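The data block below is coords23.cif; it holds mmCIF, C-alpha atoms.
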data_input
#
loop_
_atom_site.label_atom_id
_atom_site.label_comp_id
_atom_site.auth_asym_id
_atom_site.auth_seq_id
_atom_site.Cartn_x
_atom_site.Cartn_y
_atom_site.Cartn_z
CA MET N 244 79.73 49.24 8.37
CA GLY N 245 81.71 52.50 8.11
CA CYS N 246 81.38 55.45 10.46
CA ASP N 247 79.25 57.39 7.93
CA SER N 248 76.54 54.72 8.02
CA TRP N 249 76.55 54.77 11.83
CA LYS N 250 76.45 58.55 11.94
CA ALA N 251 73.36 58.70 9.77
CA LYS N 252 71.58 56.81 12.54
CA LEU N 253 73.21 58.50 15.51
CA ASP N 254 70.28 60.79 16.36
CA THR N 255 67.82 57.90 16.05
CA TYR N 256 70.05 55.89 18.39
CA LEU N 257 70.23 58.73 20.93
CA ASP N 258 66.46 59.15 20.75
CA GLY N 259 66.20 55.47 21.71
CA GLU N 260 64.35 54.74 18.49
CA LEU N 261 66.67 52.28 16.73
CA PRO N 262 65.23 48.78 16.30
CA ALA N 263 66.23 46.51 19.20
CA GLU N 264 68.48 44.35 17.00
CA GLU N 265 70.53 47.40 15.95
CA MET N 266 70.89 48.94 19.41
CA ARG N 267 73.57 46.57 20.72
CA PRO N 268 75.92 46.67 17.66
CA PHE N 269 75.49 50.44 17.58
CA ALA N 270 76.37 50.82 21.26
CA GLU N 271 79.42 48.59 20.77
CA HIS N 272 80.59 50.68 17.82
CA VAL N 273 80.17 53.95 19.71
CA ARG N 274 82.16 52.54 22.65
CA GLY N 275 85.03 51.54 20.36
CA CYS N 276 85.09 54.53 17.98
CA PRO N 277 86.42 57.81 19.43
CA THR N 278 85.03 59.89 16.53
CA CYS N 279 81.49 58.54 16.86
CA ALA N 280 81.73 58.72 20.67
CA ALA N 281 82.69 62.40 20.49
CA ASP N 282 79.88 63.06 18.01
CA ALA N 283 77.40 61.22 20.24
CA LEU N 284 78.50 63.21 23.27
CA ALA N 285 78.12 66.48 21.38
CA ARG N 286 74.63 65.54 20.23
CA VAL N 287 73.60 64.53 23.74
CA GLN N 288 74.78 67.95 24.94
CA MET N 289 72.73 69.56 22.20
CA LYS N 290 69.65 67.53 23.20
CA ARG N 291 70.06 68.61 26.82
CA SER N 292 70.52 72.24 25.85
CA VAL N 293 67.39 72.19 23.67
CA GLN N 294 65.46 70.55 26.48
CA ALA N 295 66.54 73.23 28.95
CA ALA N 296 65.97 76.11 26.55
CA GLY N 297 62.62 74.72 25.40
CA LYS N 298 60.99 74.91 28.82
CA ARG N 299 60.64 78.61 28.35
CA PHE N 300 57.06 79.72 28.82
CA THR N 301 54.81 79.33 31.85
CA PRO N 302 51.16 80.37 32.02
CA SER N 303 50.42 83.37 34.21
CA ALA N 304 48.54 82.85 37.49
CA GLU N 305 45.75 85.03 36.13
CA PHE N 306 45.34 82.86 33.03
CA ARG N 307 45.43 79.66 35.12
CA LYS N 308 42.66 81.05 37.35
CA ARG N 309 40.61 82.11 34.33
CA MET N 310 40.90 78.65 32.79
CA GLN N 311 39.91 76.92 36.00
CA LYS N 312 36.86 79.16 36.31
CA SER N 313 35.80 78.58 32.72
CA ILE N 314 36.07 74.80 33.10
CA GLU N 315 34.17 74.78 36.41
CA ALA N 316 31.44 76.95 34.90
CA LYS N 317 30.57 74.44 32.16
CA PRO N 318 28.41 71.94 34.16
CA ARG N 319 26.37 74.82 35.65
CA LYS N 320 25.38 75.95 32.17
CA ARG N 321 24.05 72.47 31.43
CA ASN N 322 21.92 72.49 34.61
CA PHE N 323 20.38 75.80 33.63
CA GLY N 324 19.39 74.36 30.26
CA PHE N 325 17.88 71.37 31.97
CA ALA N 326 15.74 73.55 34.29
CA TRP N 327 14.40 75.48 31.35
CA VAL N 328 13.24 72.31 29.60
CA LEU N 329 11.28 71.29 32.70
CA ALA N 330 8.57 73.76 31.61
CA SER N 331 7.05 71.01 29.57
CA ALA N 332 5.89 68.12 31.75
CA VAL N 333 6.14 65.40 29.14
CA VAL N 334 9.50 66.48 27.87
CA ALA N 335 10.61 66.91 31.45
CA THR N 336 9.79 63.31 32.32
CA LEU N 337 11.77 62.09 29.36
CA LEU N 338 14.60 64.38 30.28
CA VAL N 339 14.63 63.28 33.93
CA ILE N 340 15.05 59.68 32.81
CA GLY N 341 17.65 60.71 30.30
CA PHE N 342 19.41 62.94 32.79
CA ALA N 343 19.58 60.19 35.43
CA ALA N 344 21.10 57.75 32.96
CA ASN N 345 23.41 60.44 31.68
CA ASN N 346 24.47 61.34 35.20
CA ARG N 347 25.36 57.74 35.97
CA ASN N 348 27.28 57.53 32.72
CA GLY N 349 28.77 60.95 33.46
CA ALA N 350 30.04 59.85 36.87
CA ARG N 351 31.49 56.72 35.33
CA GLY N 352 32.89 58.78 32.48
CA ARG N 353 34.54 61.15 34.96
CA ALA N 354 36.06 58.16 36.78
CA GLU N 355 37.39 56.81 33.46
CA GLN N 356 38.77 60.26 32.73
CA SER N 357 40.49 60.28 36.13
CA TYR N 358 41.99 56.84 35.40
CA SER N 359 43.35 58.18 32.11
CA GLU N 360 44.78 61.22 33.85
CA VAL N 361 46.35 59.08 36.56
CA ALA N 362 47.95 56.90 33.87
CA ASP N 363 49.11 60.04 32.12
CA LEU N 364 50.60 61.49 35.31
CA HIS N 365 52.40 58.19 35.95
CA VAL N 366 53.89 58.05 32.45
CA ALA N 367 54.76 61.73 32.30
CA THR N 368 56.53 61.53 35.66
CA LEU N 369 58.60 58.50 34.73
CA ALA N 370 59.53 60.11 31.42
CA SER N 371 60.72 63.22 33.22
CA SER N 372 64.41 63.78 33.86
CA ALA N 373 63.52 64.76 37.45
CA PRO N 374 60.67 62.42 38.37
CA VAL N 375 60.65 63.20 42.10
CA ASP N 376 60.93 66.39 44.13
CA VAL N 377 62.00 64.62 47.30
CA ILE N 378 64.42 61.74 46.79
CA SER N 379 64.39 59.39 49.73
CA THR N 380 63.81 55.77 50.58
CA ASP N 381 62.86 56.80 54.10
CA ARG N 382 59.14 57.22 54.72
CA HIS N 383 59.96 59.42 57.74
CA THR N 384 61.59 61.90 55.36
CA VAL N 385 58.98 61.72 52.61
CA LYS N 386 55.87 62.13 54.79
CA PRO N 387 56.96 65.40 56.52
CA TRP N 388 58.02 66.83 53.14
CA PHE N 389 54.32 67.17 52.25
CA GLN N 390 53.56 69.32 55.31
CA GLY N 391 52.06 72.61 54.18
CA LYS N 392 52.00 71.46 50.54
CA ILE N 393 48.79 69.42 50.55
CA PRO N 394 45.65 69.92 52.66
CA PHE N 395 45.72 66.46 54.34
CA ALA N 396 48.10 63.99 55.99
CA PHE N 397 48.62 60.31 55.24
CA ASP N 398 50.73 57.40 56.41
CA LEU N 399 53.22 55.34 54.45
CA PRO N 400 53.63 51.61 54.99
CA GLU N 401 56.73 49.95 56.44
CA LEU N 402 58.53 48.22 53.57
CA GLN N 403 61.06 46.15 55.48
CA ASN N 404 60.98 42.50 54.37
CA THR N 405 59.00 43.34 51.24
CA GLU N 406 60.18 43.47 47.63
CA PHE N 407 59.15 47.13 47.34
CA SER N 408 61.34 50.16 47.83
CA LEU N 409 60.38 53.83 48.01
CA LEU N 410 62.19 56.06 45.49
CA GLY N 411 60.71 59.42 46.39
CA ALA N 412 57.71 61.67 45.99
CA ARG N 413 56.34 64.78 44.39
CA MET N 414 53.26 66.97 44.56
CA THR N 415 50.66 66.46 41.89
CA TYR N 416 47.23 67.62 40.74
CA LEU N 417 44.23 65.64 39.54
CA ASP N 418 41.02 67.37 38.51
CA GLN N 419 42.59 70.58 39.90
CA VAL N 420 42.91 68.90 43.32
CA PRO N 421 46.35 68.80 44.98
CA GLY N 422 47.64 65.43 46.09
CA ALA N 423 50.65 63.26 46.86
CA HIS N 424 52.47 61.18 44.28
CA LEU N 425 54.76 58.48 45.68
CA ILE N 426 57.01 56.38 43.47
CA TYR N 427 57.95 52.82 44.40
CA GLU N 428 60.12 50.25 42.71
CA VAL N 429 59.65 46.51 42.47
CA GLY N 430 62.20 44.66 40.34
CA LYS N 431 62.65 46.92 37.33
CA HIS N 432 59.09 48.25 37.50
CA ARG N 433 58.09 51.65 38.84
CA ILE N 434 54.74 51.97 40.57
CA SER N 435 52.98 55.24 41.33
CA VAL N 436 50.77 55.72 44.36
CA PHE N 437 48.51 58.78 44.18
CA ILE N 438 46.61 60.08 47.21
CA PHE N 439 43.89 62.75 47.07
CA GLN N 440 41.03 63.95 49.25
CA GLN N 441 38.05 61.75 48.39
CA GLY N 442 35.47 64.57 48.59
CA ALA N 443 37.37 66.80 46.22
CA LEU N 444 37.40 64.33 43.32
CA ARG N 445 34.44 63.79 41.05
CA GLY N 446 33.61 60.36 39.66
CA ASP N 447 32.06 57.03 40.48
CA PHE N 448 35.19 55.00 41.22
CA ASP N 449 35.18 51.24 41.09
CA ASP N 450 36.38 50.31 44.61
CA ASN N 451 37.68 47.08 46.10
CA SER N 452 37.58 45.00 42.94
CA GLY N 453 41.32 44.35 42.95
CA ALA N 454 43.78 45.44 40.29
CA LYS N 455 42.28 46.03 36.87
CA LYS N 456 43.69 46.86 33.46
CA LYS N 457 43.52 50.53 32.46
CA LEU N 458 45.35 51.72 29.36
CA SER N 459 47.57 48.61 29.57
CA PHE N 460 48.57 49.46 33.15
CA ASN N 461 47.39 47.64 36.23
CA LEU N 462 45.47 49.97 38.47
CA GLU N 463 43.84 49.62 41.86
CA THR N 464 41.83 52.30 43.61
CA TRP N 465 40.01 52.54 46.92
CA GLU N 466 38.78 55.00 49.52
CA GLN N 467 40.18 54.91 53.03
CA GLY N 468 39.84 57.43 55.84
CA GLY N 469 38.46 60.14 53.56
CA LEU N 470 41.32 59.73 51.09
CA ARG N 471 41.24 58.29 47.58
CA TYR N 472 44.18 56.06 46.63
CA PHE N 473 45.29 55.06 43.14
CA VAL N 474 48.09 52.53 42.66
CA ILE N 475 49.22 52.21 39.05
CA GLY N 476 52.11 50.69 37.14
CA ASP N 477 53.19 48.15 34.55
CA ALA N 478 54.07 45.64 37.29
CA SER N 479 51.90 42.53 37.56
CA ALA N 480 48.38 42.74 39.00
CA GLY N 481 49.61 40.70 42.00
CA GLU N 482 52.34 43.22 42.81
CA ILE N 483 49.95 46.17 42.46
CA THR N 484 47.53 44.45 44.84
CA LYS N 485 50.34 43.61 47.27
CA LEU N 486 51.47 47.25 47.46
CA SER N 487 47.83 48.38 47.76
CA ASN N 488 47.32 45.96 50.65
CA LEU N 489 50.35 47.42 52.44
CA PHE N 490 48.66 50.82 52.33
CA LYS N 491 45.27 49.39 53.31
CA SER N 492 46.80 47.60 56.29
CA ILE N 493 48.03 50.87 57.84
CA ALA N 494 44.56 51.92 58.92
CA SER N 495 43.28 48.48 59.89
CA MET H 135 43.91 70.51 34.35
CA PRO H 136 46.05 67.81 32.81
CA LEU H 137 49.03 68.93 30.72
CA PHE H 138 48.10 72.61 31.19
CA ASP H 139 51.65 73.93 31.64
CA GLN H 140 53.11 71.75 28.90
CA LEU H 141 50.38 72.68 26.42
CA TYR H 142 50.84 76.36 27.21
CA ASN H 143 54.60 76.13 26.63
CA PHE H 144 54.02 74.36 23.32
CA ALA H 145 51.31 76.86 22.29
CA HIS H 146 53.57 79.81 23.07
CA TRP H 147 56.38 78.32 21.00
CA LEU H 148 53.98 77.82 18.09
CA THR H 149 52.27 81.20 18.21
CA GLN H 150 55.26 83.20 19.52
CA ASN H 151 52.77 85.42 21.28
CA ARG H 152 51.38 85.25 24.85
CA GLU H 153 47.80 86.26 24.11
CA GLU H 154 47.51 83.95 21.13
CA ALA H 155 48.97 81.11 23.20
CA GLU H 156 46.35 81.69 25.91
CA ASP H 157 43.55 81.69 23.34
CA LEU H 158 44.93 78.53 21.78
CA VAL H 159 45.13 76.68 25.10
CA GLN H 160 41.65 77.83 26.08
CA GLU H 161 40.21 76.64 22.79
CA THR H 162 42.06 73.33 23.10
CA PHE H 163 40.57 72.60 26.52
CA THR H 164 37.10 73.67 25.38
CA LYS H 165 37.32 71.34 22.39
CA ALA H 166 38.75 68.51 24.51
CA LEU H 167 35.94 68.81 27.08
CA ARG H 168 33.29 69.03 24.40
CA GLY H 169 34.68 66.09 22.47
CA PHE H 170 35.88 63.90 25.32
CA SER H 171 33.45 61.18 24.29
CA SER H 172 35.42 60.85 21.06
CA PHE H 173 38.58 60.02 23.02
CA GLN H 174 39.08 56.27 22.97
CA LEU H 175 40.35 54.71 26.17
CA GLY H 176 43.50 52.76 25.58
CA THR H 177 44.78 55.36 23.11
CA ASN H 178 47.26 58.07 23.96
CA PHE H 179 45.63 60.92 25.89
CA ARG H 180 48.66 63.21 25.63
CA ALA H 181 48.91 62.78 21.85
CA TRP H 182 45.16 63.43 21.61
CA MET H 183 45.44 66.75 23.50
CA TYR H 184 48.46 67.91 21.52
CA ARG H 185 46.72 66.96 18.28
CA ILE H 186 43.71 69.14 19.20
CA LEU H 187 46.03 72.05 20.05
CA ARG H 188 48.06 71.68 16.89
CA ASN H 189 45.05 71.34 14.60
CA THR H 190 43.49 74.40 16.21
CA PHE H 191 46.73 76.31 15.67
CA LEU H 192 47.02 75.25 12.03
CA THR H 193 43.56 76.60 11.26
CA SER H 194 44.25 79.93 12.98
CA ARG H 195 45.46 82.94 11.03
CA THR H 196 48.94 82.71 12.57
CA GLY H 197 49.08 78.98 11.87
CA LEU H 198 48.05 79.37 8.25
CA ARG H 199 50.63 82.11 7.77
CA ALA H 200 53.35 80.04 9.44
CA THR H 201 52.76 76.91 7.36
CA MET H 202 52.81 78.85 4.09
CA THR H 203 56.59 79.21 4.38
CA VAL H 204 57.43 75.53 4.97
CA PRO H 205 59.83 73.81 2.56
CA LEU H 206 58.69 70.72 0.65
CA GLU H 207 59.06 67.30 2.27
CA ALA H 208 61.06 65.95 -0.64
CA GLU H 209 63.82 68.54 -0.26
CA ASP H 210 67.26 66.95 -0.14
CA ASP H 211 68.74 66.85 3.34
CA GLY H 212 72.34 66.86 2.15
CA PRO H 213 75.12 64.99 3.93
CA GLU H 214 75.47 64.96 7.72
CA LEU H 215 77.98 67.49 8.92
CA ALA H 216 81.21 66.11 10.26
CA VAL H 217 82.35 66.80 13.81
CA GLU H 218 84.47 69.93 14.01
CA SER H 219 86.34 71.59 16.79
CA ASP H 220 83.87 74.47 16.68
CA THR H 221 80.56 72.62 16.85
CA PRO H 222 77.16 74.13 17.70
CA GLU H 223 77.39 72.23 20.98
CA THR H 224 80.72 73.78 21.97
CA ILE H 225 79.34 77.18 21.03
CA LEU H 226 76.44 76.62 23.38
CA ILE H 227 78.64 75.44 26.21
CA GLU H 228 81.07 78.27 25.67
CA ARG H 229 78.39 80.87 25.91
CA SER H 230 76.14 78.97 28.31
CA ASN H 231 73.43 81.11 26.85
CA SER H 232 70.03 79.59 26.27
CA HIS H 233 68.86 82.77 24.48
CA LEU H 234 70.98 81.79 21.52
CA LEU H 235 69.29 78.43 21.28
CA GLN H 236 65.84 79.88 21.90
CA SER H 237 66.34 82.30 19.02
CA ALA H 238 67.52 79.45 16.81
CA ILE H 239 64.40 77.40 17.67
CA ASP H 240 62.20 80.47 17.12
CA GLU H 241 63.63 80.87 13.64
CA LEU H 242 62.83 77.30 12.60
CA PRO H 243 59.83 76.84 10.27
CA VAL H 244 56.85 75.76 12.35
CA LEU H 245 56.84 72.15 11.08
CA PHE H 246 60.44 71.73 12.23
CA ARG H 247 59.94 73.67 15.46
CA GLU H 248 57.02 71.52 16.58
CA VAL H 249 58.81 68.23 15.91
CA ILE H 250 61.88 69.34 17.87
CA LEU H 251 59.73 70.52 20.78
CA LEU H 252 57.68 67.33 20.94
CA CYS H 253 60.79 65.13 20.82
CA GLU H 254 63.19 67.04 23.08
CA ILE H 255 60.95 68.88 25.52
CA GLU H 256 57.92 66.61 25.72
CA GLU H 257 60.16 63.56 25.24
CA MET H 258 57.59 61.92 23.00
CA SER H 259 58.50 58.77 21.07
CA TYR H 260 58.51 58.95 17.25
CA GLU H 261 55.30 56.94 17.27
CA GLU H 262 53.62 59.40 19.64
CA ILE H 263 54.80 62.35 17.53
CA ALA H 264 53.47 60.64 14.42
CA GLU H 265 50.11 60.21 16.17
CA THR H 266 50.08 63.84 17.29
CA LEU H 267 50.97 65.24 13.88
CA SER H 268 48.93 62.63 11.93
CA VAL H 269 51.91 61.78 9.72
CA PRO H 270 53.87 58.53 9.14
CA ILE H 271 56.88 57.76 11.38
CA GLY H 272 59.18 58.13 8.35
CA THR H 273 58.06 61.74 7.98
CA VAL H 274 58.73 62.37 11.67
CA MET H 275 62.27 61.00 11.27
CA SER H 276 62.93 63.04 8.16
CA ARG H 277 61.60 66.25 9.77
CA MET H 278 63.63 65.60 12.93
CA SER H 279 66.79 65.18 10.91
CA ARG H 280 66.19 68.34 8.91
CA ALA H 281 65.14 70.34 11.97
CA ARG H 282 68.33 69.36 13.81
CA LYS H 283 70.44 70.18 10.78
CA ARG H 284 68.84 73.62 10.53
CA LEU H 285 69.36 74.22 14.22
CA ARG H 286 73.05 73.35 14.00
CA GLU H 287 73.51 75.54 10.93
CA SER H 288 71.73 78.41 12.60
CA LEU H 289 74.00 78.16 15.65
CA ARG H 290 77.07 78.04 13.42
CA GLY H 291 75.77 81.09 11.54
CA SER H 292 75.30 83.05 14.73
CA ARG H 293 78.85 82.16 15.76
CA GLN H 294 80.29 83.45 12.46
CA HIS H 295 78.22 86.61 12.75
CA SER H 296 79.43 87.27 16.27
CA SER H 297 83.09 86.65 15.27
CA ALA H 298 82.71 89.09 12.40
CA VAL H 299 81.28 91.74 14.73
CA LYS H 300 84.16 91.24 17.16
CA ALA H 301 86.72 91.56 14.35
CA LYS H 302 85.33 94.97 13.43
#
Once you've parsed the file, please lay out its structure as structure tokens.
Amino acid sequence: MGCDSWKAKLDTYLDGELPAEEMRPFAEHVRGCPTCAADALARVQMKRSVQAAGKRFTPSAEFRKRMQKSIEAKPRKRNFGFAWVLASAVVATLLVIGFAANNRNGARGRAEQSYSEVADLHVATLASSAPVDVISTDRHTVKPWFQGKIPFAFDLPELQNTEFSLLGARMTYLDQVPGAHLIYEVGKHRISVFIFQQGALRGDFDDNSGAKKKLSFNLETWEQGGLRYFVIGDASAGEITKLSNLFKSIAS
Amino acid sequence: MPLFDQLYNFAHWLTQNREEAEDLVQETFTKALRGFSSFQLGTNFRAWMYRILRNTFLTSRTGLRATMTVPLEAEDDGPELAVESDTPETILIERSNSHLLQSAIDELPVLFREVILLCEIEEMSYEEIAETLSVPIGTVMSRMSRARKRLRESLRGSRQHSSAVKAK
């Protein structure tokens, strides 16, 4: 294949979107062809420049506050409607039954929503060019980094003699609640551990049932010492449970 | 609020106006909350949110105006440009000026701008972009190629313009 044929696919290759069987021959060609290598380098520079220039707009604090208020206000409106309907006894009875069922479903729905958001946070972080704000394998460095950033403290497990290693951490938000996001590695898999204040999160979480499949990821969640933990990753269910148990064993 | 900052950035790029971007994001979250039951677990949440935002934009006055000036899909891309000593990339490095690139992105037709933003800034896969835009992957690839070509040409154009100004 001549250079022109390779070049037509260069952007697709750099986007990581070439079919697996074409990736290796393409990489070999680029390594051995100075013209294509120079072109690839130039295009990578362009990609990086676009990425940097594209992160241009940030929402104002005032708009963020307004949005948070408008979202928080929504459930209250529903309650007001419900109270009004109570005027009719028969309808009210039906509504109470309906509301109770709805509430249960709502709590479960909120938990499912939180699982989706946790999965989304995990994926978005790993896809980021700067996945962690504090890079350290030392838990004694990572834990103090959160001082003053989140409204609670937590402990990290000792990882010596385990297959897990700590890569770093960052601050995160779930349901507008600040929390800690720790990233671990096992083999080639990255696992996220999220920690939030239990009382601040809404949802009927499914505790202590071991790792379960959520959006193709394995996820385990539990409450411990007033904190809600989520452990999520594409590692096996056994590895997710093992890392979860390391956290659970700190308090016991 | 999941994806709030990213959605705002994307909305501002699409609308090119702060107030319109705020309205667009607000409407997106309202629609997402109202229609959350229609979101299917196991599908891509991020693509779902971006799709709501984009569809809302396309039905707005600014969106309708912006899409009226988009070239046809079948338009010939022309050959890939060969590497030159004075490439758009070297121009960027030379000037280390992101304003130049931001202006070039701003000038792209909205269908090209959005595909570049989703790929390079949001780092979405072609499949995810296809899901967000509700188009086949082939269309995503063709738009990406044309968007990049336009961007490079625009940067070259700005270089020639600036050289001409200096010569005067």
My list of candidates is N:Leu261, N:Val420, N:Met310, N:Leu409. Which is closest to Asp139 (chain H) when distances are computed with only C-alpha atoms?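 Closest residue, counting only C-alpha atoms: N:Met310.
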- [ ] Using the chain letters and numbering of this document, enumerate as a PyMOL selection string the residues selected by the PyMOL selection byres ((chain N and resi 442) around 9).
- [x] chain N and resi 439-441+443-445+469-471
Selected residues written out, C-alpha atoms, as a PDB file, in the coordinates of the input:
ATOM      1  CA  PHE N 439      43.890  62.750  47.070  1.00  0.00           C
ATOM      2  CA  GLN N 440      41.030  63.950  49.250  1.00  0.00           C
ATOM      3  CA  GLN N 441      38.050  61.750  48.390  1.00  0.00           C
ATOM      4  CA  ALA N 443      37.370  66.800  46.220  1.00  0.00           C
ATOM      5  CA  LEU N 444      37.400  64.330  43.320  1.00  0.00           C
ATOM      6  CA  ARG N 445      34.440  63.790  41.050  1.00  0.00           C
ATOM      7  CA  GLY N 469      38.460  60.140  53.560  1.00  0.00           C
ATOM      8  CA  LEU N 470      41.320  59.730  51.090  1.00  0.00           C
ATOM      9  CA  ARG N 471      41.240  58.290  47.580  1.00  0.00           C
TER      10      ARG N 471
END
For this session: Just the residues within 9 Å of Leu462 (chain N), please, counting all atoms listed in the file, with nothing from its chain fewer than 5 positions along; format it as a PyMOL selection string.
Result: chain N and resi 358+362+453-457+473-477+480+483-484
- Could you list as number ranges by chain every residue that has an atom within 7 Å of (62.8, 63.6, 50.0), using the file's coordinates and counting all atoms listed in the file? N: 376-379, 384-385, 388, 411-412
Which of these, H:Leu137, H:Met275, H:Ile255, H:Ile186, has the shortest distance to chain N once you count all atoms listed in the file?
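Of H:Leu137, H:Met275, H:Ile255, H:Ile186, the one nearest chain N, counting all atoms listed in the file, is H:Ile255.
Considering all atoms listed in the file, the residue among N:Phe407, N:Tyr256, N:Phe437, N:Phe490 positioned nearest to chain H is N:Tyr256.
CA of Lys386 (chain N) sits 20.3 Å away from CA of Asn404 (chain N).
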